[in-house]
file query_28.cif (mmCIF, C-alpha atoms and all ligand atoms; chains and numbers go by the auth columns)
data_work
loop_
_atom_site.group_PDB
_atom_site.id
_atom_site.type_symbol
_atom_site.label_atom_id
_atom_site.label_comp_id
_atom_site.label_asym_id
_atom_site.label_seq_id
_atom_site.Cartn_x
_atom_site.Cartn_y
_atom_site.Cartn_z
_atom_site.B_iso_or_equiv
_atom_site.auth_seq_id
_atom_site.auth_asym_id
ATOM 1 C CA MET A 1 -23.101 -15.822 -27.310 0.00 9 A
ATOM 2 C CA ASN A 2 -25.766 -13.295 -26.383 0.00 10 A
ATOM 3 C CA LYS A 3 -25.040 -10.345 -24.132 0.00 11 A
ATOM 4 C CA ARG A 4 -26.550 -11.930 -21.044 0.00 12 A
ATOM 5 C CA GLU A 5 -24.533 -15.096 -21.464 0.00 13 A
ATOM 6 C CA PHE A 6 -21.411 -13.035 -22.087 0.00 14 A
ATOM 7 C CA LEU A 7 -21.957 -11.050 -18.875 0.00 15 A
ATOM 8 C CA LYS A 8 -22.541 -14.256 -16.945 0.00 16 A
ATOM 9 C CA ARG A 9 -19.334 -15.800 -18.246 0.00 17 A
ATOM 10 C CA SER A 10 -17.391 -12.580 -17.630 0.00 18 A
ATOM 11 C CA THR A 11 -18.619 -12.529 -14.049 0.00 19 A
ATOM 12 C CA ILE A 12 -17.550 -16.119 -13.507 0.00 20 A
ATOM 13 C CA LEU A 13 -14.148 -15.458 -15.076 0.00 21 A
ATOM 14 C CA GLY A 14 -13.818 -12.282 -13.027 0.00 22 A
ATOM 15 C CA ALA A 15 -14.609 -14.115 -9.806 0.00 23 A
ATOM 16 C CA GLY A 16 -12.081 -16.804 -10.714 0.00 24 A
ATOM 17 C CA ALA A 17 -9.397 -14.220 -11.247 0.00 25 A
ATOM 18 C CA LEU A 18 -10.143 -12.768 -7.830 0.00 26 A
ATOM 19 C CA ILE A 19 -10.249 -16.062 -6.009 0.00 27 A
ATOM 20 C CA ALA A 20 -7.184 -17.612 -7.636 0.00 28 A
ATOM 21 C CA PRO A 21 -4.527 -15.412 -5.964 0.00 29 A
ATOM 22 C CA SER A 22 -6.021 -15.874 -2.500 0.00 30 A
ATOM 23 C CA ILE A 23 -5.971 -19.658 -2.928 0.00 31 A
ATOM 24 C CA ALA A 24 -2.386 -19.463 -4.161 0.00 32 A
ATOM 25 C CA SER A 25 -1.276 -17.339 -1.224 0.00 33 A
ATOM 26 C CA SER A 26 -3.102 -19.462 1.336 0.00 34 A
ATOM 27 C CA CYS A 27 -1.032 -22.455 0.180 0.00 35 A
ATOM 28 C CA MET A 28 2.185 -20.665 1.031 0.00 36 A
ATOM 29 C CA ASN A 29 3.543 -19.855 4.425 0.00 37 A
ATOM 30 C CA SER A 30 4.297 -16.138 4.132 0.00 38 A
ATOM 31 C CA ALA A 31 7.133 -16.481 6.663 0.00 39 A
ATOM 32 C CA ALA A 32 8.908 -18.916 4.336 0.00 40 A
ATOM 33 C CA GLN A 33 8.364 -16.766 1.270 0.00 41 A
ATOM 34 C CA PRO A 34 11.570 -15.076 0.152 0.00 42 A
ATOM 35 C CA GLY A 35 11.660 -11.504 -1.068 0.00 43 A
ATOM 36 C CA ALA A 36 8.902 -9.465 0.592 0.00 44 A
ATOM 37 C CA THR A 37 10.601 -6.339 -0.742 0.00 45 A
ATOM 38 C CA ALA A 38 10.847 -7.847 -4.231 0.00 46 A
ATOM 39 C CA SER A 39 7.110 -8.596 -4.191 0.00 47 A
ATOM 40 C CA LEU A 40 6.315 -4.875 -3.966 0.00 48 A
ATOM 41 C CA VAL A 41 6.968 -4.218 -7.643 0.00 49 A
ATOM 42 C CA ALA A 42 5.817 -6.237 -10.651 0.00 50 A
ATOM 43 C CA LEU A 43 7.082 -5.901 -14.200 0.00 51 A
ATOM 44 C CA GLY A 44 5.546 -7.104 -17.446 0.00 52 A
ATOM 45 C CA ASP A 45 7.491 -8.871 -20.193 0.00 53 A
ATOM 46 C CA ASP A 46 7.746 -5.518 -21.971 0.00 54 A
ATOM 47 C CA GLY A 47 9.422 -3.904 -18.940 0.00 55 A
ATOM 48 C CA ALA A 48 6.316 -1.912 -18.020 0.00 56 A
ATOM 49 C CA PHE A 49 5.213 -1.707 -14.395 0.00 57 A
ATOM 50 C CA VAL A 50 2.097 -3.794 -13.678 0.00 58 A
ATOM 51 C CA GLN A 51 -0.286 -3.959 -10.753 0.00 59 A
ATOM 52 C CA PRO A 52 0.609 -6.896 -8.506 0.00 60 A
ATOM 53 C CA ALA A 53 -2.311 -9.287 -7.906 0.00 61 A
ATOM 54 C CA LEU A 54 -4.427 -8.254 -4.938 0.00 62 A
ATOM 55 C CA GLY A 55 -4.051 -11.606 -3.189 0.00 63 A
ATOM 56 C CA TYR A 56 -7.556 -11.553 -1.690 0.00 64 A
ATOM 57 C CA ALA A 57 -11.095 -10.840 -2.860 0.00 65 A
ATOM 58 C CA TYR A 58 -12.543 -7.317 -2.813 0.00 66 A
ATOM 59 C CA ASP A 59 -14.843 -8.260 0.069 0.00 67 A
ATOM 60 C CA ALA A 60 -12.180 -10.104 2.096 0.00 68 A
ATOM 61 C CA LEU A 61 -11.438 -7.131 4.369 0.00 69 A
ATOM 62 C CA GLU A 62 -15.090 -6.505 5.302 0.00 70 A
ATOM 63 C CA PRO A 63 -16.314 -4.944 7.492 0.00 71 A
ATOM 64 C CA TYR A 64 -13.202 -2.818 7.984 0.00 72 A
ATOM 65 C CA VAL A 65 -12.566 -2.001 4.339 0.00 73 A
ATOM 66 C CA ASP A 66 -15.671 -2.504 2.211 0.00 74 A
ATOM 67 C CA ALA A 67 -15.836 -4.302 -1.140 0.00 75 A
ATOM 68 C CA ALA A 68 -17.126 -1.306 -3.107 0.00 76 A
ATOM 69 C CA THR A 69 -14.211 0.841 -1.948 0.00 77 A
ATOM 70 C CA MET A 70 -11.731 -1.938 -2.739 0.00 78 A
ATOM 71 C CA GLU A 71 -13.143 -2.448 -6.215 0.00 79 A
ATOM 72 C CA VAL A 72 -12.926 1.222 -7.175 0.00 80 A
ATOM 73 C CA HIS A 73 -9.647 1.780 -5.329 0.00 81 A
ATOM 74 C CA TYR A 74 -7.755 -1.185 -6.817 0.00 82 A
ATOM 75 C CA GLY A 75 -9.615 -1.429 -10.109 0.00 83 A
ATOM 76 C CA LYS A 76 -9.845 2.260 -10.999 0.00 84 A
ATOM 77 C CA HIS A 77 -7.588 4.498 -8.902 0.00 85 A
ATOM 78 C CA HIS A 78 -4.581 2.193 -8.672 0.00 86 A
ATOM 79 C CA ALA A 79 -5.019 0.929 -12.228 0.00 87 A
ATOM 80 C CA GLY A 80 -5.092 4.580 -13.338 0.00 88 A
ATOM 81 C CA TYR A 81 -1.861 5.449 -11.519 0.00 89 A
ATOM 82 C CA THR A 82 -0.182 2.391 -13.029 0.00 90 A
ATOM 83 C CA LYS A 83 -1.222 3.328 -16.551 0.00 91 A
ATOM 84 C CA LYS A 84 -0.251 6.982 -16.124 0.00 92 A
ATOM 85 C CA PHE A 85 3.083 6.080 -14.524 0.00 93 A
ATOM 86 C CA ASN A 86 4.036 3.960 -17.526 0.00 94 A
ATOM 87 C CA ALA A 87 2.817 6.688 -19.877 0.00 95 A
ATOM 88 C CA ALA A 88 4.883 9.326 -18.032 0.00 96 A
ATOM 89 C CA LEU A 89 8.007 7.141 -18.240 0.00 97 A
ATOM 90 C CA GLU A 90 7.347 6.547 -21.922 0.00 98 A
ATOM 91 C CA GLN A 91 6.870 10.260 -22.554 0.00 99 A
ATOM 92 C CA ALA A 92 10.115 11.061 -20.742 0.00 100 A
ATOM 93 C CA ASP A 93 11.828 8.268 -22.687 0.00 101 A
ATOM 94 C CA PHE A 94 13.018 6.945 -19.330 0.00 102 A
ATOM 95 C CA HIS A 95 13.156 3.174 -19.252 0.00 103 A
ATOM 96 C CA SER A 96 14.773 2.182 -15.968 0.00 104 A
ATOM 97 C CA THR A 97 12.867 -0.473 -14.043 0.00 105 A
ATOM 98 C CA ASP A 98 14.682 0.393 -10.781 0.00 106 A
ATOM 99 C CA ILE A 99 11.892 2.216 -8.979 0.00 107 A
ATOM 100 C CA TYR A 100 14.053 2.769 -5.860 0.00 108 A
ATOM 101 C CA LYS A 101 16.667 4.632 -7.879 0.00 109 A
ATOM 102 C CA LEU A 102 13.901 6.534 -9.621 0.00 110 A
ATOM 103 C CA PHE A 103 12.428 7.690 -6.288 0.00 111 A
ATOM 104 C CA SER A 104 15.847 8.644 -4.901 0.00 112 A
ATOM 105 C CA THR A 105 16.265 11.038 -7.846 0.00 113 A
ATOM 106 C CA VAL A 106 12.596 11.928 -8.307 0.00 114 A
ATOM 107 C CA SER A 107 13.290 15.687 -8.033 0.00 115 A
ATOM 108 C CA THR A 108 15.051 15.460 -11.404 0.00 116 A
ATOM 109 C CA HIS A 109 11.899 14.096 -13.061 0.00 117 A
ATOM 110 C CA GLY A 110 8.582 15.693 -13.921 0.00 118 A
ATOM 111 C CA SER A 111 5.540 15.750 -11.649 0.00 119 A
ATOM 112 C CA GLY A 112 3.890 13.029 -13.766 0.00 120 A
ATOM 113 C CA ILE A 113 6.558 10.539 -12.722 0.00 121 A
ATOM 114 C CA ARG A 114 6.553 11.696 -9.077 0.00 122 A
ATOM 115 C CA ASN A 115 2.770 11.629 -8.665 0.00 123 A
ATOM 116 C CA ASN A 116 1.948 8.533 -10.687 0.00 124 A
ATOM 117 C CA GLY A 117 5.069 6.599 -9.690 0.00 125 A
ATOM 118 C CA GLY A 118 4.196 7.253 -6.061 0.00 126 A
ATOM 119 C CA GLY A 119 0.575 6.364 -6.737 0.00 127 A
ATOM 120 C CA TYR A 120 1.638 3.080 -8.323 0.00 128 A
ATOM 121 C CA PHE A 121 4.125 2.050 -5.613 0.00 129 A
ATOM 122 C CA ASN A 122 2.322 3.336 -2.494 0.00 130 A
ATOM 123 C CA HIS A 123 -0.780 1.303 -3.362 0.00 131 A
ATOM 124 C CA ASN A 124 1.298 -1.820 -4.094 0.00 132 A
ATOM 125 C CA LEU A 125 2.464 -1.558 -0.485 0.00 133 A
ATOM 126 C CA TYR A 126 -0.970 -0.743 0.926 0.00 134 A
ATOM 127 C CA TRP A 127 -2.592 -3.891 -0.522 0.00 135 A
ATOM 128 C CA LYS A 128 0.267 -5.975 0.916 0.00 136 A
ATOM 129 C CA PHE A 129 -0.066 -4.343 4.322 0.00 137 A
ATOM 130 C CA MET A 130 -3.649 -5.586 4.569 0.00 138 A
ATOM 131 C CA SER A 131 -4.848 -9.167 4.967 0.00 139 A
ATOM 132 C CA PRO A 132 -8.088 -10.918 5.965 0.00 140 A
ATOM 133 C CA GLU A 133 -5.935 -12.642 8.626 0.00 141 A
ATOM 134 C CA GLY A 134 -4.484 -9.322 9.762 0.00 142 A
ATOM 135 C CA GLY A 135 -4.779 -7.395 12.982 0.00 143 A
ATOM 136 C CA GLY A 136 -3.163 -7.826 16.353 0.00 144 A
ATOM 137 C CA GLU A 137 0.457 -6.887 16.909 0.00 145 A
ATOM 138 C CA PRO A 138 3.911 -7.903 15.658 0.00 146 A
ATOM 139 C CA ALA A 139 5.057 -11.251 17.090 0.00 147 A
ATOM 140 C CA GLU A 140 6.040 -10.939 20.747 0.00 148 A
ATOM 141 C CA GLY A 141 9.790 -11.220 21.253 0.00 149 A
ATOM 142 C CA GLY A 142 10.421 -10.543 17.555 0.00 150 A
ATOM 143 C CA LYS A 143 12.861 -7.922 16.326 0.00 151 A
ATOM 144 C CA LEU A 144 10.134 -5.578 15.047 0.00 152 A
ATOM 145 C CA ALA A 145 8.192 -5.704 18.308 0.00 153 A
ATOM 146 C CA GLU A 146 11.434 -4.925 20.166 0.00 154 A
ATOM 147 C CA ALA A 147 12.281 -2.027 17.842 0.00 155 A
ATOM 148 C CA ILE A 148 8.798 -0.531 18.276 0.00 156 A
ATOM 149 C CA VAL A 149 9.215 -0.599 22.061 0.00 157 A
ATOM 150 C CA ALA A 150 12.745 0.847 21.787 0.00 158 A
ATOM 151 C CA ASP A 151 11.730 3.719 19.488 0.00 159 A
ATOM 152 C CA PHE A 152 8.169 4.533 20.629 0.00 160 A
ATOM 153 C CA GLY A 153 8.021 3.235 24.220 0.00 161 A
ATOM 154 C CA SER A 154 5.309 0.639 23.573 0.00 162 A
ATOM 155 C CA PHE A 155 3.110 -0.754 20.832 0.00 163 A
ATOM 156 C CA ALA A 156 0.200 1.272 22.252 0.00 164 A
ATOM 157 C CA GLN A 157 2.217 4.498 22.004 0.00 165 A
ATOM 158 C CA PHE A 158 3.248 3.678 18.443 0.00 166 A
ATOM 159 C CA LYS A 159 -0.366 2.934 17.540 0.00 167 A
ATOM 160 C CA GLU A 160 -1.542 6.214 18.993 0.00 168 A
ATOM 161 C CA LEU A 161 1.141 8.201 17.152 0.00 169 A
ATOM 162 C CA PHE A 162 0.560 6.469 13.805 0.00 170 A
ATOM 163 C CA SER A 163 -3.233 6.896 14.076 0.00 171 A
ATOM 164 C CA ALA A 164 -3.031 10.552 15.130 0.00 172 A
ATOM 165 C CA THR A 165 -0.495 11.358 12.391 0.00 173 A
ATOM 166 C CA ALA A 166 -2.642 9.727 9.688 0.00 174 A
ATOM 167 C CA ALA A 167 -5.953 11.077 10.970 0.00 175 A
ATOM 168 C CA SER A 168 -4.699 14.658 11.289 0.00 176 A
ATOM 169 C CA HIS A 169 -2.818 14.831 7.972 0.00 177 A
ATOM 170 C CA PHE A 170 -4.208 17.844 6.133 0.00 178 A
ATOM 171 C CA GLY A 171 -5.682 16.961 2.745 0.00 179 A
ATOM 172 C CA SER A 172 -4.711 13.995 0.590 0.00 180 A
ATOM 173 C CA GLY A 173 -1.726 11.863 1.471 0.00 181 A
ATOM 174 C CA TRP A 174 -0.416 8.887 3.402 0.00 182 A
ATOM 175 C CA GLY A 175 0.645 7.974 6.915 0.00 183 A
ATOM 176 C CA TRP A 176 3.974 6.117 7.108 0.00 184 A
ATOM 177 C CA LEU A 177 6.093 3.953 9.388 0.00 185 A
ATOM 178 C CA LEU A 178 9.656 3.869 8.094 0.00 186 A
ATOM 179 C CA LEU A 179 13.140 2.760 9.017 0.00 187 A
ATOM 180 C CA ASP A 180 15.596 5.656 8.697 0.00 188 A
ATOM 181 C CA ALA A 181 19.286 5.502 7.763 0.00 189 A
ATOM 182 C CA ASP A 182 20.261 5.375 11.462 0.00 190 A
ATOM 183 C CA GLY A 183 18.181 2.223 11.953 0.00 191 A
ATOM 184 C CA LYS A 184 15.490 4.073 13.866 0.00 192 A
ATOM 185 C CA LEU A 185 11.742 3.697 13.282 0.00 193 A
ATOM 186 C CA GLN A 186 9.881 6.892 12.490 0.00 194 A
ATOM 187 C CA VAL A 187 6.253 7.847 11.884 0.00 195 A
ATOM 188 C CA THR A 188 5.348 10.622 9.494 0.00 196 A
ATOM 189 C CA SER A 189 2.747 11.691 6.970 0.00 197 A
ATOM 190 C CA LEU A 190 3.437 12.923 3.462 0.00 198 A
ATOM 191 C CA PRO A 191 1.216 14.779 0.977 0.00 199 A
ATOM 192 C CA ASN A 192 -0.304 13.491 -2.250 0.00 200 A
ATOM 193 C CA GLN A 193 1.545 10.400 -3.545 0.00 201 A
ATOM 194 C CA ASP A 194 4.957 11.228 -2.061 0.00 202 A
ATOM 195 C CA ASN A 195 6.752 8.500 -0.109 0.00 203 A
ATOM 196 C CA PRO A 196 9.809 8.263 2.177 0.00 204 A
ATOM 197 C CA LEU A 197 11.978 6.833 -0.626 0.00 205 A
ATOM 198 C CA MET A 198 11.750 10.107 -2.553 0.00 206 A
ATOM 199 C CA ASP A 199 14.552 12.654 -2.377 0.00 207 A
ATOM 200 C CA ILE A 200 11.956 15.402 -1.915 0.00 208 A
ATOM 201 C CA SER A 201 10.650 13.832 1.307 0.00 209 A
ATOM 202 C CA PRO A 202 11.634 15.677 4.522 0.00 210 A
ATOM 203 C CA VAL A 203 11.822 12.303 6.318 0.00 211 A
ATOM 204 C CA ARG A 204 13.507 9.520 4.386 0.00 212 A
ATOM 205 C CA GLY A 205 13.868 5.790 4.876 0.00 213 A
ATOM 206 C CA THR A 206 12.537 2.357 3.996 0.00 214 A
ATOM 207 C CA PRO A 207 8.722 2.158 4.151 0.00 215 A
ATOM 208 C CA LEU A 208 7.476 -0.533 6.547 0.00 216 A
ATOM 209 C CA LEU A 209 3.782 0.361 6.783 0.00 217 A
ATOM 210 C CA ASN A 210 1.482 2.932 5.246 0.00 218 A
ATOM 211 C CA ILE A 211 -2.138 4.005 5.272 0.00 219 A
ATOM 212 C CA ASP A 212 -3.889 5.791 2.448 0.00 220 A
ATOM 213 C CA VAL A 213 -5.770 8.826 3.784 0.00 221 A
ATOM 214 C CA TRP A 214 -7.009 10.115 0.444 0.00 222 A
ATOM 215 C CA GLU A 215 -10.789 10.419 0.667 0.00 223 A
ATOM 216 C CA HIS A 216 -11.181 7.747 -2.057 0.00 224 A
ATOM 217 C CA ALA A 217 -9.747 5.241 0.457 0.00 225 A
ATOM 218 C CA TYR A 218 -12.627 5.619 2.912 0.00 226 A
ATOM 219 C CA TYR A 219 -15.338 8.043 1.841 0.00 227 A
ATOM 220 C CA LEU A 220 -17.832 5.495 0.424 0.00 228 A
ATOM 221 C CA HIS A 221 -18.052 3.691 3.764 0.00 229 A
ATOM 222 C CA TYR A 222 -16.849 6.154 6.404 0.00 230 A
ATOM 223 C CA GLN A 223 -17.817 9.450 4.699 0.00 231 A
ATOM 224 C CA ASN A 224 -16.012 12.256 6.539 0.00 232 A
ATOM 225 C CA MET A 225 -14.992 10.054 9.474 0.00 233 A
ATOM 226 C CA ARG A 226 -11.360 9.458 8.577 0.00 234 A
ATOM 227 C CA LYS A 227 -10.587 8.675 12.199 0.00 235 A
ATOM 228 C CA SER A 228 -12.968 5.687 12.162 0.00 236 A
ATOM 229 C CA TYR A 229 -11.287 4.343 9.013 0.00 237 A
ATOM 230 C CA VAL A 230 -7.849 4.755 10.599 0.00 238 A
ATOM 231 C CA GLU A 231 -9.027 2.899 13.725 0.00 239 A
ATOM 232 C CA ALA A 232 -10.510 0.085 11.585 0.00 240 A
ATOM 233 C CA TYR A 233 -7.219 -0.298 9.675 0.00 241 A
ATOM 234 C CA TRP A 234 -5.580 -1.876 12.743 0.00 242 A
ATOM 235 C CA ASN A 235 -7.860 -4.909 12.275 0.00 243 A
ATOM 236 C CA VAL A 236 -6.435 -5.737 8.861 0.00 244 A
ATOM 237 C CA ILE A 237 -2.718 -4.921 9.167 0.00 245 A
ATOM 238 C CA ASP A 238 -0.605 -7.908 8.089 0.00 246 A
ATOM 239 C CA TRP A 239 2.154 -7.751 10.712 0.00 247 A
ATOM 240 C CA LYS A 240 3.818 -10.873 9.300 0.00 248 A
ATOM 241 C CA PHE A 241 4.447 -9.010 6.067 0.00 249 A
ATOM 242 C CA VAL A 242 5.616 -5.862 7.898 0.00 250 A
ATOM 243 C CA GLU A 243 8.040 -8.036 9.881 0.00 251 A
ATOM 244 C CA LEU A 244 9.411 -9.591 6.685 0.00 252 A
ATOM 245 C CA LEU A 245 10.059 -6.125 5.257 0.00 253 A
ATOM 246 C CA TYR A 246 11.721 -5.036 8.494 0.00 254 A
ATOM 247 C CA MET A 247 13.986 -8.114 8.574 0.00 255 A
ATOM 248 C CA GLU A 248 15.014 -7.457 4.965 0.00 256 A
ATOM 249 C CA ALA A 249 15.626 -3.765 5.714 0.00 257 A
ATOM 250 C CA ILE A 250 17.944 -4.321 8.698 0.00 258 A
ATOM 251 C CA VAL A 251 20.344 -6.828 7.073 0.00 259 A
HETATM 252 MN MN MN B . -5.522 5.508 -2.899 0.00 301 B
#
call {"tool": "encode", "arguments": {"input": "query_28.cif", "output": "structure tokens", "more": "lines below"}}
Ligand code: MN
result
Amino acid sequence: MNKREFLKRSTILGAGALIAPSIASSCMNSAAQPGATASLVALGDDGAFVQPALGYAYDALEPYVDAATMEVHYGKHHAGYTKKFNAALEQADFHSTDIYKLFSTVSTHGSGIRNNGGGYFNHNLYWKFMSPEGGGEPAEGGKLAEAIVADFGSFAQFKELFSATAASHFGSGWGWLLLDADGKLQVTSLPNQDNPLMDISPVRGTPLLNIDVWEHAYYLHYQNMRKSYVEAYWNVIDWKFVELLYMEAIV
């Protein structure tokens, strides 16, 4: 096989790998799919953490999140965190696959585990929180919609708070919606790759939604206009998935 033929075949195989998960997921009703929480972490046969399949093509979230950003973000940044997380665990000779327990004691581990473990997990969530069929609001009359009204006043007020918190976060980090131990929804932002499951987080709880506000998440398309990226994010949020997580978190 010459180089050109090889590249052609690789491209076809690559496209197949991208299309396959989206076909698989479109055949399933996400509401009937058990274990939204369980789907947030994937393990290889060797016990190493692996990147869950994206579930849609790189260009599926256009024009809100562009294909070039997705390709570099999923294929390079997230892949890098995954590799470094496994390497950090290996180096520490720490072989637990319970990432929740790991985060709840993350202060006892080195920064390699905190930063790369967060980088691995936070992106797993982020890809799940987005969908080509996303946008809109949580189902009217549903428990999540009711909780948002109870804790923020209205969906519009929640949206404003979440957007402002994410847009104004200083430097690299993430915006978060979480369910705290008292069963109350909270919005916060955290630096770097920290998340609300970590014992070092000033606000703790179960993550229900996040948004990556590292520049690599938006700079190719939005340049310095983080606010525009945050506004666009509302068009791709998969509220069905957020609702599944919420329902699993309140039982
Ligand atoms: Mn990122």
call {"tool": "residues_near_ligand", "arguments": {"input": "query_28.cif", "ligand": "ligand MN 301 (chain B)", "cutoff": "7 Å", "atoms": "all atoms listed in the file", "output": "PyMOL selection string"}}
result
chain A and resi 81+85-86+131+220+222+224-225
call {"tool": "write_last_selection", "arguments": {"input": "query_28.cif", "atoms": "C-alpha atoms", "output": "short mmCIF file (atom, residue, chain, number, x, y, z; two decimals), keeping the file's coordinate frame"}}
result
data_model
loop_
_atom_site.label_atom_id
_atom_site.label_comp_id
_atom_site.auth_asym_id
_atom_site.auth_seq_id
_atom_site.Cartn_x
_atom_site.Cartn_y
_atom_site.Cartn_z
CA HIS A 81 -9.65 1.78 -5.33
CA HIS A 85 -7.59 4.50 -8.90
CA HIS A 86 -4.58 2.19 -8.67
CA HIS A 131 -0.78 1.30 -3.36
CA ASP A 220 -3.89 5.79 2.45
CA TRP A 222 -7.01 10.12 0.44
CA HIS A 224 -11.18 7.75 -2.06
CA ALA A 225 -9.75 5.24 0.46
#
call {"tool": "closest_residue", "arguments": {"input": "query_28.cif", "among": "A:Val73, A:Leu198, A:Ala95, A:Ile156", "to": "Trp242 in chain A", "atoms": "all atoms listed in the file"}}
result
A:Val73
call {"tool": "closest_residue", "arguments": {"input": "query_28.cif", "among": "A:Phe93, A:Phe166, A:Phe111, A:Tyr254", "to": "Leu186 in chain A", "atoms": "only C-alpha atoms"}}
result
A:Tyr254
call {"tool": "closest_residue", "arguments": {"input": "query_28.cif", "among": "A:Val244, A:Phe170, A:Ser139, A:Ser112", "to": "Gly213 in chain A", "atoms": "all atoms listed in the file"}}
result
A:Ser112
call {"tool": "residues_around", "arguments": {"input": "query_28.cif", "residues": "Gly191 in chain A", "least_positions_apart": "2", "cutoff": "10 Å", "atoms": "all atoms listed in the file", "output": "mmCIF file with C-alpha atoms, keeping the file's coordinate frame"}}
result
data_model
loop_
_atom_site.group_PDB
_atom_site.id
_atom_site.type_symbol
_atom_site.label_atom_id
_atom_site.label_comp_id
_atom_site.auth_asym_id
_atom_site.auth_seq_id
_atom_site.Cartn_x
_atom_site.Cartn_y
_atom_site.Cartn_z
ATOM 1 C CA ALA A 155 12.281 -2.027 17.842
ATOM 2 C CA LEU A 186 9.656 3.869 8.094
ATOM 3 C CA LEU A 187 13.140 2.760 9.017
ATOM 4 C CA ASP A 188 15.596 5.656 8.697
ATOM 5 C CA ALA A 189 19.286 5.502 7.763
ATOM 6 C CA LEU A 193 11.742 3.697 13.282
ATOM 7 C CA GLN A 194 9.881 6.892 12.490
ATOM 8 C CA GLY A 213 13.868 5.790 4.876
ATOM 9 C CA THR A 214 12.537 2.357 3.996
ATOM 10 C CA ALA A 257 15.626 -3.765 5.714
ATOM 11 C CA ILE A 258 17.944 -4.321 8.698
#
call {"tool": "closest_residue", "arguments": {"input": "query_28.cif", "among": "A:Ile121, A:Val211, A:Ala147, A:Leu48", "to": "Ala96 in chain A", "atoms": "only C-alpha atoms"}}
result
A:Ile121
call {"tool": "closest_residue", "arguments": {"input": "query_28.cif", "among": "A:Gly142, A:Arg234, A:Gly161, A:Ser209", "to": "Gly179 in chain A", "atoms": "only C-alpha atoms"}}
result
A:Arg234
call {"tool": "atom_distance", "arguments": {"input": "query_28.cif", "atom1": "CA of Leu152 in chain A", "atom2": "CA of Thr173 in chain A"}}
result
20.2 Å
call {"tool": "atom_distance", "arguments": {"input": "query_28.cif", "atom1": "CA of Gly181 in chain A", "atom2": "CA of Leu51 in chain A"}}
result
25.3 Å
call {"tool": "residues_around", "arguments": {"input": "query_28.cif", "residues": "Ala153 in chain A", "least_positions_apart": "6", "cutoff": "10 Å", "atoms": "all atoms listed in the file", "output": "short mmCIF file (atom, residue, chain, number, x, y, z; two decimals) with C-alpha atoms, in the coordinates of the input"}}
result
data_model
loop_
_atom_site.label_atom_id
_atom_site.label_comp_id
_atom_site.auth_asym_id
_atom_site.auth_seq_id
_atom_site.Cartn_x
_atom_site.Cartn_y
_atom_site.Cartn_z
CA GLU A 145 0.46 -6.89 16.91
CA PRO A 146 3.91 -7.90 15.66
CA ALA A 147 5.06 -11.25 17.09
CA SER A 162 5.31 0.64 23.57
CA PHE A 163 3.11 -0.75 20.83
CA TRP A 247 2.15 -7.75 10.71
CA GLU A 251 8.04 -8.04 9.88
#
call {"tool": "atom_distance", "arguments": {"input": "query_28.cif", "atom1": "CA of Arg212 in chain A", "atom2": "CA of Asn123 in chain A"}}
result
17.0 Å
call {"tool": "build_atoms", "arguments": {"input": "query_28.cif", "residues": "range 213-224 of chain A", "atoms": "N, CA and C atoms", "output": "compact mmCIF listing (two decimals), keeping the file's coordinate frame"}}
result
# COMPACT_ATOMS: atom_id res chain seq x y z
N GLY A 213 13.55 7.11 4.37
CA GLY A 213 13.87 5.79 4.88
C GLY A 213 13.11 4.72 4.11
N THR A 214 13.21 3.50 4.61
CA THR A 214 12.54 2.36 4.00
C THR A 214 11.11 2.24 4.54
N PRO A 215 10.11 2.27 3.67
CA PRO A 215 8.72 2.16 4.15
C PRO A 215 8.45 0.77 4.73
N LEU A 216 7.83 0.75 5.90
CA LEU A 216 7.48 -0.53 6.55
C LEU A 216 5.97 -0.71 6.68
N LEU A 217 5.24 0.40 6.66
CA LEU A 217 3.78 0.36 6.78
C LEU A 217 3.25 1.70 6.28
N ASN A 218 2.10 1.66 5.62
CA ASN A 218 1.48 2.93 5.25
C ASN A 218 -0.02 2.83 5.40
N ILE A 219 -0.66 3.98 5.33
CA ILE A 219 -2.14 4.00 5.27
C ILE A 219 -2.53 5.15 4.34
N ASP A 220 -3.39 4.83 3.42
CA ASP A 220 -3.89 5.79 2.45
C ASP A 220 -4.96 6.65 3.13
N VAL A 221 -4.73 7.96 3.20
CA VAL A 221 -5.77 8.83 3.78
C VAL A 221 -6.38 9.78 2.75
N TRP A 222 -6.22 9.42 1.47
CA TRP A 222 -7.01 10.12 0.44
C TRP A 222 -8.48 9.76 0.71
N GLU A 223 -9.37 10.71 0.41
CA GLU A 223 -10.79 10.42 0.67
C GLU A 223 -11.28 9.19 -0.09
N HIS A 224 -10.71 8.92 -1.28
CA HIS A 224 -11.18 7.75 -2.06
C HIS A 224 -10.93 6.44 -1.30
